[in-house]
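The structure file protein.cif is reproduced below (mmCIF, C-alpha atoms).
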```
data_final
loop_
_atom_site.group_PDB
_atom_site.id
_atom_site.type_symbol
_atom_site.label_atom_id
_atom_site.label_comp_id
_atom_site.auth_asym_id
_atom_site.auth_seq_id
_atom_site.Cartn_x
_atom_site.Cartn_y
_atom_site.Cartn_z
ATOM 1 C CA MET C 1 0.000 0.000 0.000
ATOM 2 C CA ASP C 2 1.521 3.341 -1.045
ATOM 3 C CA ARG C 3 1.270 6.650 0.807
ATOM 4 C CA VAL C 4 -1.656 7.944 -1.294
ATOM 5 C CA GLN C 5 -3.733 4.815 -0.606
ATOM 6 C CA ALA C 6 -2.870 4.914 3.102
ATOM 7 C CA ARG C 7 -3.986 8.552 3.244
ATOM 8 C CA GLY C 8 -7.219 7.544 1.485
ATOM 9 C CA HIS C 9 -7.928 4.862 4.103
ATOM 10 C CA VAL C 10 -7.292 7.262 7.003
ATOM 11 C CA ALA C 11 -9.483 9.925 5.363
ATOM 12 C CA MET C 12 -12.413 7.553 4.802
ATOM 13 C CA PHE C 13 -12.186 6.243 8.372
ATOM 14 C CA GLY C 14 -12.232 9.814 9.704
ATOM 15 C CA ALA C 15 -15.196 10.838 7.540
ATOM 16 C CA ASN C 16 -17.286 7.864 8.601
ATOM 17 C CA LEU C 17 -16.287 8.400 12.231
ATOM 18 C CA MET C 18 -17.857 11.870 12.048
ATOM 19 C CA TRP C 19 -20.897 10.574 10.155
ATOM 20 C CA GLY C 20 -21.358 7.830 12.739
ATOM 21 C CA LEU C 21 -21.633 10.515 15.421
ATOM 22 C CA MET C 22 -24.023 12.592 13.308
ATOM 23 C CA SER C 23 -27.084 10.310 13.536
ATOM 24 C CA PRO C 24 -27.443 10.462 17.353
ATOM 25 C CA VAL C 25 -26.549 14.182 17.349
ATOM 26 C CA ALA C 26 -29.162 14.959 14.659
ATOM 27 C CA LYS C 27 -31.796 12.936 16.539
ATOM 28 C CA LEU C 28 -31.081 14.883 19.747
ATOM 29 C CA VAL C 29 -31.152 18.230 17.909
ATOM 30 C CA MET C 30 -34.572 17.426 16.391
ATOM 31 C CA ALA C 31 -36.024 15.853 19.561
ATOM 32 C CA SER C 32 -37.790 19.008 20.803
ATOM 33 C CA GLY C 33 -39.514 19.606 17.476
ATOM 34 C CA VAL C 34 -38.310 23.224 17.223
ATOM 35 C CA VAL C 35 -35.442 22.297 14.903
ATOM 36 C CA THR C 36 -36.978 20.448 11.954
ATOM 37 C CA PRO C 37 -35.227 18.080 9.522
ATOM 38 C CA LEU C 38 -35.583 20.787 6.858
ATOM 39 C CA LEU C 39 -33.793 23.328 9.061
ATOM 40 C CA VAL C 40 -30.965 20.880 9.816
ATOM 41 C CA THR C 41 -30.553 20.103 6.105
ATOM 42 C CA ASN C 42 -30.482 23.778 5.134
ATOM 43 C CA CYS C 43 -28.041 24.736 7.881
ATOM 44 C CA ARG C 44 -25.837 21.814 6.897
ATOM 45 C CA ILE C 45 -25.706 22.647 3.186
ATOM 46 C CA ALA C 46 -25.617 26.455 3.351
ATOM 47 C CA GLY C 47 -23.194 26.451 6.295
ATOM 48 C CA ALA C 48 -20.758 24.127 4.523
ATOM 49 C CA ALA C 49 -21.028 26.216 1.326
ATOM 50 C CA ALA C 50 -20.042 29.338 3.288
ATOM 51 C CA LEU C 51 -17.085 27.552 4.916
ATOM 52 C CA PHE C 52 -15.774 26.205 1.589
ATOM 53 C CA TRP C 53 -16.041 29.594 -0.143
ATOM 54 C CA ILE C 54 -14.252 31.295 2.776
ATOM 55 C CA LEU C 55 -11.487 28.658 2.626
ATOM 56 C CA SER C 56 -11.171 29.112 -1.161
ATOM 57 C CA CYS C 57 -10.279 32.801 -0.649
ATOM 58 C CA PHE C 58 -6.950 31.693 0.837
ATOM 59 C CA LEU C 59 -6.102 29.212 -1.948
ATOM 60 C CA PRO C 60 -5.075 29.523 -5.629
ATOM 61 C CA LYS C 61 -8.035 30.134 -7.970
ATOM 62 C CA GLU C 62 -9.064 27.487 -10.509
ATOM 63 C CA HIS C 63 -11.080 28.171 -13.659
ATOM 64 C CA VAL C 64 -14.015 25.797 -14.125
ATOM 65 C CA PRO C 65 -15.601 25.791 -17.642
ATOM 66 C CA ALA C 66 -19.392 26.030 -17.953
ATOM 67 C CA ALA C 67 -19.681 22.377 -19.050
ATOM 68 C CA ASP C 68 -17.892 21.219 -15.911
ATOM 69 C CA LEU C 69 -20.021 23.523 -13.745
ATOM 70 C CA LEU C 70 -23.080 21.682 -15.088
ATOM 71 C CA ARG C 71 -21.470 18.376 -14.141
ATOM 72 C CA LEU C 72 -20.774 19.737 -10.659
ATOM 73 C CA ALA C 73 -24.431 20.781 -10.385
ATOM 74 C CA GLY C 74 -25.394 17.164 -11.090
ATOM 75 C CA ALA C 75 -22.868 15.953 -8.532
ATOM 76 C CA ALA C 76 -24.355 18.383 -5.995
ATOM 77 C CA LEU C 77 -27.847 16.945 -6.489
ATOM 78 C CA LEU C 78 -26.748 13.314 -6.101
ATOM 79 C CA GLY C 79 -23.969 13.662 -3.517
ATOM 80 C CA ILE C 80 -25.466 16.408 -1.352
ATOM 81 C CA VAL C 81 -29.121 17.399 -1.930
ATOM 82 C CA PHE C 82 -30.701 13.958 -2.370
ATOM 83 C CA ASN C 83 -28.190 12.226 -0.085
ATOM 84 C CA GLN C 84 -28.341 14.637 2.844
ATOM 85 C CA GLY C 85 -31.960 15.705 2.450
ATOM 86 C CA CYS C 86 -33.349 12.173 2.208
ATOM 87 C CA PHE C 87 -31.184 10.967 5.102
ATOM 88 C CA ILE C 88 -32.081 13.751 7.545
ATOM 89 C CA PHE C 89 -35.802 13.494 6.733
ATOM 90 C CA GLY C 90 -35.624 9.699 6.894
ATOM 91 C CA VAL C 91 -33.933 9.650 10.318
ATOM 92 C CA GLY C 92 -36.623 12.046 11.566
ATOM 93 C CA LEU C 93 -39.385 9.622 10.512
ATOM 94 C CA THR C 94 -37.887 6.238 11.416
ATOM 95 C CA SER C 95 -35.789 4.807 14.253
ATOM 96 C CA PRO C 96 -31.988 5.194 14.344
ATOM 97 C CA GLY C 97 -31.699 1.392 14.277
ATOM 98 C CA GLU C 98 -33.757 1.025 11.103
ATOM 99 C CA ALA C 99 -31.750 3.834 9.469
ATOM 100 C CA SER C 100 -28.475 2.153 10.451
ATOM 101 C CA ILE C 101 -29.577 -1.153 8.946
ATOM 102 C CA ILE C 102 -30.471 0.483 5.628
ATOM 103 C CA THR C 103 -27.118 2.295 5.440
ATOM 104 C CA THR C 104 -25.479 -1.137 5.163
ATOM 105 C CA THR C 105 -26.883 -1.457 1.622
ATOM 106 C CA MET C 106 -24.798 1.405 0.217
ATOM 107 C CA PRO C 107 -21.517 -0.520 -0.422
ATOM 108 C CA MET C 108 -23.492 -3.190 -2.269
ATOM 109 C CA TRP C 109 -25.042 -0.559 -4.534
ATOM 110 C CA VAL C 110 -21.588 0.926 -5.167
ATOM 111 C CA MET C 111 -20.267 -2.506 -6.174
ATOM 112 C CA VAL C 112 -23.154 -3.113 -8.597
ATOM 113 C CA LEU C 113 -23.062 0.401 -10.095
ATOM 114 C CA ALA C 114 -19.256 0.322 -10.433
ATOM 115 C CA ALA C 115 -19.579 -2.972 -12.341
ATOM 116 C CA ILE C 116 -22.217 -1.488 -14.687
ATOM 117 C CA ILE C 117 -20.789 2.024 -15.190
ATOM 118 C CA LEU C 118 -17.027 1.645 -14.646
ATOM 119 C CA LYS C 119 -16.798 -2.011 -15.748
ATOM 120 C CA GLU C 120 -15.140 -2.789 -12.425
ATOM 121 C CA PRO C 121 -15.227 -6.583 -11.996
ATOM 122 C CA ILE C 122 -17.159 -8.112 -9.090
ATOM 123 C CA THR C 123 -14.564 -10.467 -7.639
ATOM 124 C CA LEU C 124 -15.129 -13.181 -5.060
ATOM 125 C CA LYS C 125 -12.966 -11.298 -2.529
ATOM 126 C CA LYS C 126 -14.854 -8.044 -3.095
ATOM 127 C CA ALA C 127 -18.311 -9.619 -2.796
ATOM 128 C CA GLY C 128 -17.186 -11.639 0.230
ATOM 129 C CA GLY C 129 -15.722 -8.559 1.888
ATOM 130 C CA ILE C 130 -18.930 -6.578 1.419
ATOM 131 C CA LEU C 131 -21.000 -9.441 2.835
ATOM 132 C CA LEU C 132 -18.655 -9.754 5.857
ATOM 133 C CA GLY C 133 -18.935 -6.023 6.490
ATOM 134 C CA ALA C 134 -22.719 -6.111 6.141
ATOM 135 C CA ALA C 135 -22.946 -9.040 8.576
ATOM 136 C CA GLY C 136 -20.810 -7.196 11.128
ATOM 137 C CA ALA C 137 -22.826 -3.995 10.779
ATOM 138 C CA LEU C 138 -26.123 -5.867 11.188
ATOM 139 C CA ILE C 139 -24.848 -7.653 14.316
ATOM 140 C CA LEU C 140 -23.954 -4.271 15.857
ATOM 141 C CA VAL C 141 -27.248 -2.615 14.948
ATOM 142 C CA LEU C 142 -29.474 -5.500 16.004
ATOM 143 C CA SER C 143 -27.587 -6.108 19.273
ATOM 144 C CA ALA C 144 -28.141 -2.472 20.230
ATOM 145 C CA GLY C 145 -31.881 -3.096 20.350
ATOM 146 C CA SER C 146 -32.586 0.361 18.918
ATOM 147 C CA ARG C 147 -35.213 -0.864 16.476
ATOM 148 C CA THR C 148 -37.837 -0.596 19.174
ATOM 149 C CA SER C 149 -37.697 3.220 19.199
ATOM 150 C CA GLY C 150 -39.793 3.723 16.077
ATOM 151 C CA GLY C 151 -40.521 6.977 14.328
ATOM 152 C CA SER C 152 -43.772 8.620 13.237
ATOM 153 C CA ASN C 153 -43.707 7.058 9.738
ATOM 154 C CA PRO C 154 -41.142 4.217 9.640
ATOM 155 C CA ALA C 155 -42.039 3.014 6.121
ATOM 156 C CA LEU C 156 -41.518 6.433 4.519
ATOM 157 C CA GLY C 157 -38.460 7.070 6.698
ATOM 158 C CA ASP C 158 -36.866 3.783 5.651
ATOM 159 C CA LEU C 159 -37.572 4.547 1.960
ATOM 160 C CA LEU C 160 -35.956 7.997 2.278
ATOM 161 C CA VAL C 161 -32.850 6.581 3.985
ATOM 162 C CA PHE C 162 -32.618 3.976 1.209
ATOM 163 C CA CYS C 163 -32.860 6.734 -1.450
ATOM 164 C CA ALA C 164 -30.045 8.580 0.340
ATOM 165 C CA GLN C 165 -27.791 5.507 0.127
ATOM 166 C CA PHE C 166 -28.551 4.839 -3.546
ATOM 167 C CA SER C 167 -28.037 8.498 -4.471
ATOM 168 C CA TYR C 168 -24.631 8.609 -2.783
ATOM 169 C CA ALA C 169 -23.583 5.304 -4.374
ATOM 170 C CA LEU C 170 -24.498 6.722 -7.796
ATOM 171 C CA TYR C 171 -22.500 9.889 -7.042
ATOM 172 C CA LEU C 172 -19.391 7.917 -6.010
ATOM 173 C CA THR C 173 -19.563 5.870 -9.203
ATOM 174 C CA LEU C 174 -20.499 8.470 -11.821
ATOM 175 C CA TYR C 175 -18.064 11.150 -10.648
ATOM 176 C CA ARG C 176 -15.113 8.979 -9.646
ATOM 177 C CA ASN C 177 -12.926 10.062 -12.586
ATOM 178 C CA PHE C 178 -14.313 13.578 -13.025
ATOM 179 C CA ILE C 179 -13.334 14.793 -9.543
ATOM 180 C CA ARG C 180 -9.628 14.269 -10.314
ATOM 181 C CA ARG C 181 -9.661 17.318 -12.611
ATOM 182 C CA TYR C 182 -9.884 19.903 -9.835
ATOM 183 C CA SER C 183 -8.711 20.578 -6.316
ATOM 184 C CA LEU C 184 -10.808 19.436 -3.388
ATOM 185 C CA VAL C 185 -11.910 22.929 -2.297
ATOM 186 C CA THR C 186 -12.849 23.998 -5.847
ATOM 187 C CA LEU C 187 -15.076 20.939 -6.193
ATOM 188 C CA MET C 188 -16.684 21.389 -2.797
ATOM 189 C CA LYS C 189 -17.335 25.141 -3.017
ATOM 190 C CA TRP C 190 -19.216 24.760 -6.305
ATOM 191 C CA MET C 191 -21.080 21.601 -5.292
ATOM 192 C CA PHE C 192 -22.293 23.099 -2.008
ATOM 193 C CA LEU C 193 -23.200 26.400 -3.705
ATOM 194 C CA PHE C 194 -25.358 24.569 -6.257
ATOM 195 C CA ALA C 195 -26.881 22.473 -3.470
ATOM 196 C CA THR C 196 -27.717 25.642 -1.508
ATOM 197 C CA LEU C 197 -29.353 27.233 -4.564
ATOM 198 C CA ALA C 198 -31.415 24.051 -5.013
ATOM 199 C CA VAL C 199 -32.779 23.814 -1.453
ATOM 200 C CA LEU C 200 -33.180 27.386 -0.184
ATOM 201 C CA PRO C 201 -35.976 28.553 -2.559
ATOM 202 C CA LEU C 202 -38.064 25.517 -1.584
ATOM 203 C CA SER C 203 -37.528 25.890 2.143
ATOM 204 C CA SER C 204 -37.428 29.647 2.762
ATOM 205 C CA PRO C 205 -41.082 29.838 4.002
ATOM 206 C CA ALA C 206 -40.426 27.099 6.567
ATOM 207 C CA LEU C 207 -37.185 28.770 7.666
ATOM 208 C CA ALA C 208 -38.978 32.099 8.152
ATOM 209 C CA ALA C 209 -41.620 30.378 10.308
ATOM 210 C CA THR C 210 -39.033 28.834 12.673
ATOM 211 C CA HIS C 211 -39.176 30.104 16.275
ATOM 212 C CA TRP C 212 -35.459 30.856 16.585
ATOM 213 C CA SER C 213 -35.796 32.135 20.174
ATOM 214 C CA LEU C 214 -36.806 28.619 21.272
ATOM 215 C CA VAL C 215 -33.663 26.989 19.890
ATOM 216 C CA GLU C 216 -31.488 26.007 22.874
ATOM 217 C CA GLY C 217 -27.714 26.204 23.205
ATOM 218 C CA SER C 218 -27.295 22.439 23.051
ATOM 219 C CA GLU C 219 -29.233 22.353 19.764
ATOM 220 C CA ILE C 220 -27.067 25.129 18.335
ATOM 221 C CA ALA C 221 -23.956 23.172 19.376
ATOM 222 C CA GLY C 222 -25.368 20.075 17.681
ATOM 223 C CA ILE C 223 -26.049 21.994 14.466
ATOM 224 C CA ALA C 224 -22.534 23.461 14.606
ATOM 225 C CA TYR C 225 -21.068 19.942 14.804
ATOM 226 C CA ILE C 226 -23.254 18.753 11.907
ATOM 227 C CA VAL C 227 -22.128 21.715 9.747
ATOM 228 C CA ALA C 228 -18.441 21.990 10.644
ATOM 229 C CA GLY C 229 -17.617 18.370 11.451
ATOM 230 C CA ALA C 230 -20.053 15.978 9.807
ATOM 231 C CA THR C 231 -20.305 18.054 6.610
ATOM 232 C CA PHE C 232 -17.388 20.460 6.015
ATOM 233 C CA GLY C 233 -14.745 18.223 7.596
ATOM 234 C CA SER C 234 -16.128 14.885 6.431
ATOM 235 C CA TYR C 235 -16.629 15.956 2.801
ATOM 236 C CA ILE C 236 -13.007 17.132 2.675
ATOM 237 C CA LEU C 237 -11.937 13.704 3.910
ATOM 238 C CA VAL C 238 -14.260 11.891 1.469
ATOM 239 C CA MET C 239 -12.717 13.778 -1.460
ATOM 240 C CA VAL C 240 -9.246 12.707 -0.300
ATOM 241 C CA GLY C 241 -10.455 9.115 -0.055
ATOM 242 C CA GLN C 242 -12.393 9.244 -3.335
ATOM 243 C CA LYS C 243 -9.303 10.379 -5.242
ATOM 244 C CA ALA C 244 -7.133 7.628 -3.734
ATOM 245 C CA LEU C 245 -9.428 4.581 -3.576
ATOM 246 C CA ARG C 246 -11.833 2.678 -5.815
ATOM 247 C CA PRO C 247 -15.582 3.463 -5.351
ATOM 248 C CA THR C 248 -16.326 0.038 -3.850
ATOM 249 C CA LEU C 249 -13.653 0.509 -1.192
ATOM 250 C CA VAL C 250 -14.859 4.048 -0.431
ATOM 251 C CA GLY C 251 -18.360 2.617 0.049
ATOM 252 C CA MET C 252 -17.064 -0.122 2.361
ATOM 253 C CA TYR C 253 -16.147 2.464 4.983
ATOM 254 C CA ASN C 254 -19.872 3.032 5.488
ATOM 255 C CA TYR C 255 -19.674 0.037 7.831
ATOM 256 C CA VAL C 256 -17.532 2.065 10.252
ATOM 257 C CA GLN C 257 -20.607 4.131 11.217
ATOM 258 C CA PRO C 258 -22.389 1.452 13.292
ATOM 259 C CA VAL C 259 -19.056 0.717 15.029
ATOM 260 C CA VAL C 260 -18.863 4.382 16.055
ATOM 261 C CA ALA C 261 -22.510 4.436 17.195
ATOM 262 C CA SER C 262 -21.960 1.291 19.285
ATOM 263 C CA ALA C 263 -18.728 2.624 20.815
ATOM 264 C CA LEU C 264 -20.472 5.894 21.699
ATOM 265 C CA GLY C 265 -23.267 3.959 23.422
ATOM 266 C CA ILE C 266 -20.718 1.993 25.480
ATOM 267 C CA LEU C 267 -18.800 5.168 26.461
ATOM 268 C CA MET C 268 -22.036 6.889 27.535
ATOM 269 C CA GLY C 269 -23.066 3.877 29.610
ATOM 270 C CA LEU C 270 -26.072 3.219 27.377
ATOM 271 C CA ASP C 271 -24.644 -0.038 26.037
ATOM 272 C CA VAL C 272 -22.198 -2.748 27.120
ATOM 273 C CA PHE C 273 -19.301 -4.416 25.312
ATOM 274 C CA THR C 274 -20.103 -8.035 24.427
ATOM 275 C CA PRO C 275 -18.417 -10.858 22.469
ATOM 276 C CA ALA C 276 -21.013 -10.277 19.719
ATOM 277 C CA LYS C 277 -19.796 -6.693 19.312
ATOM 278 C CA ALA C 278 -16.174 -7.846 19.185
ATOM 279 C CA LEU C 279 -17.137 -10.329 16.453
ATOM 280 C CA ALA C 280 -19.014 -7.613 14.556
ATOM 281 C CA VAL C 281 -16.025 -5.239 14.549
ATOM 282 C CA ALA C 282 -13.724 -8.079 13.432
ATOM 283 C CA LEU C 283 -16.107 -8.919 10.567
ATOM 284 C CA ILE C 284 -16.308 -5.282 9.429
ATOM 285 C CA PHE C 285 -12.573 -4.705 9.287
ATOM 286 C CA SER C 286 -11.955 -8.149 7.758
ATOM 287 C CA GLY C 287 -14.389 -7.121 5.037
ATOM 288 C CA VAL C 288 -12.513 -3.868 4.410
ATOM 289 C CA TRP C 289 -9.248 -5.838 4.191
ATOM 290 C CA LEU C 290 -10.726 -8.285 1.663
ATOM 291 C CA VAL C 291 -12.050 -5.502 -0.596
ATOM 292 C CA THR C 292 -8.712 -3.663 -0.299
ATOM 293 C CA ASN C 293 -6.879 -6.757 -1.498
ATOM 294 C CA SER C 294 -9.323 -7.773 -4.231
ATOM 295 C CA LYS C 295 -8.102 -8.221 -7.817
ATOM 296 C CA ALA C 296 -9.744 -5.004 -9.010
ATOM 297 C CA ARG C 297 -8.048 -3.011 -6.251
ATOM 298 C CA ARG C 298 -4.601 -4.370 -7.153
ATOM 299 C CA GLN C 299 -5.172 -3.550 -10.799
ATOM 300 C CA ASP C 300 -6.140 -0.020 -9.885
ATOM 301 C CA SER C 301 -2.905 0.518 -7.979
ATOM 302 C CA HIS C 302 -0.984 0.254 -11.258
ATOM 303 C CA HIS C 303 -2.914 3.045 -13.003
#
```
Entire entry expressed as structure tokens:
Amino acid sequence: MDRVQARGHVAMFGANLMWGLMSPVAKLVMASGVVTPLLVTNCRIAGAAALFWILSCFLPKEHVPAADLLRLAGAALLGIVFNQGCFIFGVGLTSPGEASIITTTMPMWVMVLAAIILKEPITLKKAGGILLGAAGALILVLSAGSRTSGGSNPALGDLLVFCAQFSYALYLTLYRNFIRRYSLVTLMKWMFLFATLAVLPLSSPALAATHWSLVEGSEIAGIAYIVAGATFGSYILVMVGQKALRPTLVGMYNYVQPVVASALGILMGLDVFTPAKALAVALIFSGVWLVTNSKARRQDSHH
């Protein structure tokens, strides 16, 4: 494994660590009902756009032709608007456990789409690794017993979370080669700007009707983490990982999220460490190792 690939692995682990923390934080932020899923989504997208444009002021400028701006607009819809919007709304309607289970489908979609679009072969190691990771993630989620805390509309919530996973898998696959043309910040500032322009006109009436005086300090802190950590920071790390690793391997790191959620529960005294959890973690990281060492991954390292 060379330095670029190692950096990609570290970046993807870090991004999914922050995303793993986001689900419980988002649920807590929306618990009072004052902060709606729509408000969280808008703060997340518009806040990250502002941070990326501010950061770009301190970096060399890159010219992006109109044709590539259109491609970035498409990337913004798949990788940000549909992915983030569907996920936040879905988590608000279903239980965290159901949402966690559905997120385990994303690496499988990446593998299938990469085979269709990028002609990336589905090897025995790759398929086996994804299945090992999925098994480990399911053991973690089901052992947590969080499926009992249902939402107001679990069926619709589950469908929205599924749409979020499929949308992100399509983004990782379709734009895998395109993103190598520009720097990370250039890509992100345009993608988040287009995403902001897509969501704000639709949600401005709801934002104006929000009772901002009722938003508590803890909720503001939660939103700040979602914007600065789970969006701005994690998308930077995903771009580093996406440029260094194959789409299927990038998708595999999705299985880190239930590990983080379980570890957080243990640290907070809400859960206990069991042999089943140890087995689950071993399965997840064995799966990542198998996909890393699959035939398609070794071929890619020579490009």
May I have the residues within 9 Å of range 15-30 of chain C as a PDB file with C-alpha atoms, in the frame of the given file, using all atoms listed in the file and disregarding those fewer than 6 positions away in the same chain?
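Result file around.pdb:
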```pdb
ATOM      1  CA  THR C  36     -36.978  20.448  11.954  1.00  0.00           C
ATOM      2  CA  PRO C  37     -35.227  18.080   9.522  1.00  0.00           C
ATOM      3  CA  VAL C  40     -30.965  20.880   9.816  1.00  0.00           C
ATOM      4  CA  ILE C  88     -32.081  13.751   7.545  1.00  0.00           C
ATOM      5  CA  VAL C  91     -33.933   9.650  10.318  1.00  0.00           C
ATOM      6  CA  GLY C  92     -36.623  12.046  11.566  1.00  0.00           C
ATOM      7  CA  PRO C  96     -31.988   5.194  14.344  1.00  0.00           C
ATOM      8  CA  ALA C  99     -31.750   3.834   9.469  1.00  0.00           C
ATOM      9  CA  SER C 100     -28.475   2.153  10.451  1.00  0.00           C
ATOM     10  CA  SER C 218     -27.295  22.439  23.051  1.00  0.00           C
ATOM     11  CA  GLU C 219     -29.233  22.353  19.764  1.00  0.00           C
ATOM     12  CA  ILE C 220     -27.067  25.129  18.335  1.00  0.00           C
ATOM     13  CA  ALA C 221     -23.956  23.172  19.376  1.00  0.00           C
ATOM     14  CA  GLY C 222     -25.368  20.075  17.681  1.00  0.00           C
ATOM     15  CA  ILE C 223     -26.049  21.994  14.466  1.00  0.00           C
ATOM     16  CA  TYR C 225     -21.068  19.942  14.804  1.00  0.00           C
ATOM     17  CA  ILE C 226     -23.254  18.753  11.907  1.00  0.00           C
ATOM     18  CA  GLY C 229     -17.617  18.370  11.451  1.00  0.00           C
ATOM     19  CA  ALA C 230     -20.053  15.978   9.807  1.00  0.00           C
ATOM     20  CA  THR C 231     -20.305  18.054   6.610  1.00  0.00           C
ATOM     21  CA  GLY C 233     -14.745  18.223   7.596  1.00  0.00           C
ATOM     22  CA  SER C 234     -16.128  14.885   6.431  1.00  0.00           C
ATOM     23  CA  TYR C 235     -16.629  15.956   2.801  1.00  0.00           C
ATOM     24  CA  ILE C 236     -13.007  17.132   2.675  1.00  0.00           C
ATOM     25  CA  LEU C 237     -11.937  13.704   3.910  1.00  0.00           C
ATOM     26  CA  VAL C 238     -14.260  11.891   1.469  1.00  0.00           C
ATOM     27  CA  TYR C 253     -16.147   2.464   4.983  1.00  0.00           C
ATOM     28  CA  ASN C 254     -19.872   3.032   5.488  1.00  0.00           C
ATOM     29  CA  TYR C 255     -19.674   0.037   7.831  1.00  0.00           C
ATOM     30  CA  VAL C 256     -17.532   2.065  10.252  1.00  0.00           C
ATOM     31  CA  GLN C 257     -20.607   4.131  11.217  1.00  0.00           C
ATOM     32  CA  PRO C 258     -22.389   1.452  13.292  1.00  0.00           C
ATOM     33  CA  VAL C 259     -19.056   0.717  15.029  1.00  0.00           C
ATOM     34  CA  VAL C 260     -18.863   4.382  16.055  1.00  0.00           C
ATOM     35  CA  ALA C 261     -22.510   4.436  17.195  1.00  0.00           C
ATOM     36  CA  LEU C 264     -20.472   5.894  21.699  1.00  0.00           C
TER      37      LEU C 264
END
```
So that I can see what lies close to range 127-136 of chain C, please list as an mmCIF file with C-alpha atoms, keeping the file's coordinate frame the residues with an atom at most 6 Å from it, counting all atoms listed in the file and leaving out residues fewer than 4 positions away in the same chain.
```
data_model
loop_
_atom_site.group_PDB
_atom_site.id
_atom_site.type_symbol
_atom_site.label_atom_id
_atom_site.label_comp_id
_atom_site.auth_asym_id
_atom_site.auth_seq_id
_atom_site.Cartn_x
_atom_site.Cartn_y
_atom_site.Cartn_z
ATOM 1 C CA THR C 104 -25.479 -1.137 5.163
ATOM 2 C CA ALA C 280 -19.014 -7.613 14.556
ATOM 3 C CA LEU C 283 -16.107 -8.919 10.567
ATOM 4 C CA ILE C 284 -16.308 -5.282 9.429
ATOM 5 C CA GLY C 287 -14.389 -7.121 5.037
ATOM 6 C CA LEU C 290 -10.726 -8.285 1.663
ATOM 7 C CA VAL C 291 -12.050 -5.502 -0.596
#
```
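Put simply, CA of Phe13 in chain C is 19.8 Å away from CA of Phe87 in chain C.
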Exercise for the section: Spell out the residues picked by the PyMOL selection byres ((chain C and resi 193-202) around 7) here, as JSON, numbers by chain. Expected result: {"C": [42, 45, 46, 49, 73, 76, 77, 80, 81, 189, 190, 191, 192, 203, 204]}
Handout entry: Result set of the PyMOL selection byres ((chain C and resi 154-171) around 8) on the coordinates above, as JSON, numbers by chain
Key = {"C": [75, 78, 79, 80, 82, 83, 84, 85, 86, 87, 89, 90, 91, 92, 93, 94, 95, 98, 99, 102, 103, 105, 106, 107, 109, 110, 113, 150, 151, 152, 153, 172, 173, 174, 175, 176, 251]}
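Across the model, the gap from CA of Asn293 in chain C to CA of Glu120 in chain C is 14.3 Å.
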Exercise for the section: In Å, rounded to a single decimal, give me how far CA of Tyr182 in chain C is from CA of Pro65 in chain C. Expected result: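 Interatomic distance here is 11.3 Å.
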Problem - Using all atoms listed in the file: which of C:Gly14, C:Ser32, C:Val240, C:His9 has the shortest distance to Leu187 in chain C - result: C:Val240
Practice task
Return the single residue from C:Phe273, C:Leu72, C:Ser143, C:Ile179 that is closest to Gly241 in chain C, with distances computed using all atoms listed in the file.
Solution key: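 Nearest candidate to Gly241 in chain C out of C:Phe273, C:Leu72, C:Ser143, C:Ile179: C:Ile179.
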Would you give the centre and edge lengths, in Å to one decimal, of a box along x, y and z around the listed atoms of range 20-34 of chain C, with 3 Å added to each side, as AutoDock Vina command-line options?
```
--center_x -30.4 --center_y 15.5 --center_z 16.8 --size_x 24.2 --size_y 21.4 --size_z 14.1
```
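Minimum atom-to-atom distance to Ala209 in chain C, evaluated using all atoms listed in the file, belongs to C:Leu38 out of C:Asp2, C:Leu124, C:Leu38, C:Asn177.
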Exercise for the section: For each of C:Ile139, C:Val185, C:Val112, C:Val35, take the minimum atom-to-atom distance to Met239 in chain C, counting all atoms listed in the file, then give the residue where this is smallest. Expected result: C:Val185
Any chance you could turn range 244-252 of chain C into a file with N, CA and C atoms, as a CSV table (one decimal), in the first residue's frame?
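Heads up, here's the output in selection_17.csv:
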```csv
chain,number,residue,atom,x,y,z
C,244,ALA,N,-8.2,8.6,-4.0
C,244,ALA,CA,-7.1,7.6,-3.7
C,244,ALA,C,-7.6,6.2,-3.9
C,245,LEU,N,-8.9,6.0,-3.7
C,245,LEU,CA,-9.4,4.6,-3.6
C,245,LEU,C,-10.5,4.3,-4.6
C,246,ARG,N,-10.7,3.1,-4.9
C,246,ARG,CA,-11.8,2.7,-5.8
C,246,ARG,C,-13.2,2.9,-5.1
C,247,PRO,N,-14.3,3.2,-5.9
C,247,PRO,CA,-15.6,3.5,-5.4
C,247,PRO,C,-16.1,2.4,-4.4
C,248,THR,N,-15.9,1.1,-4.7
C,248,THR,CA,-16.3,0.0,-3.9
C,248,THR,C,-15.7,0.1,-2.5
C,249,LEU,N,-14.4,0.4,-2.5
C,249,LEU,CA,-13.7,0.5,-1.2
C,249,LEU,C,-14.1,1.7,-0.4
C,250,VAL,N,-14.3,2.9,-1.1
C,250,VAL,CA,-14.9,4.0,-0.4
C,250,VAL,C,-16.2,3.7,0.2
C,251,GLY,N,-17.1,3.0,-0.5
C,251,GLY,CA,-18.4,2.6,0.0
C,251,GLY,C,-18.3,1.7,1.2
C,252,MET,N,-17.2,0.8,1.3
C,252,MET,CA,-17.1,-0.1,2.4
C,252,MET,C,-16.9,0.6,3.7
```
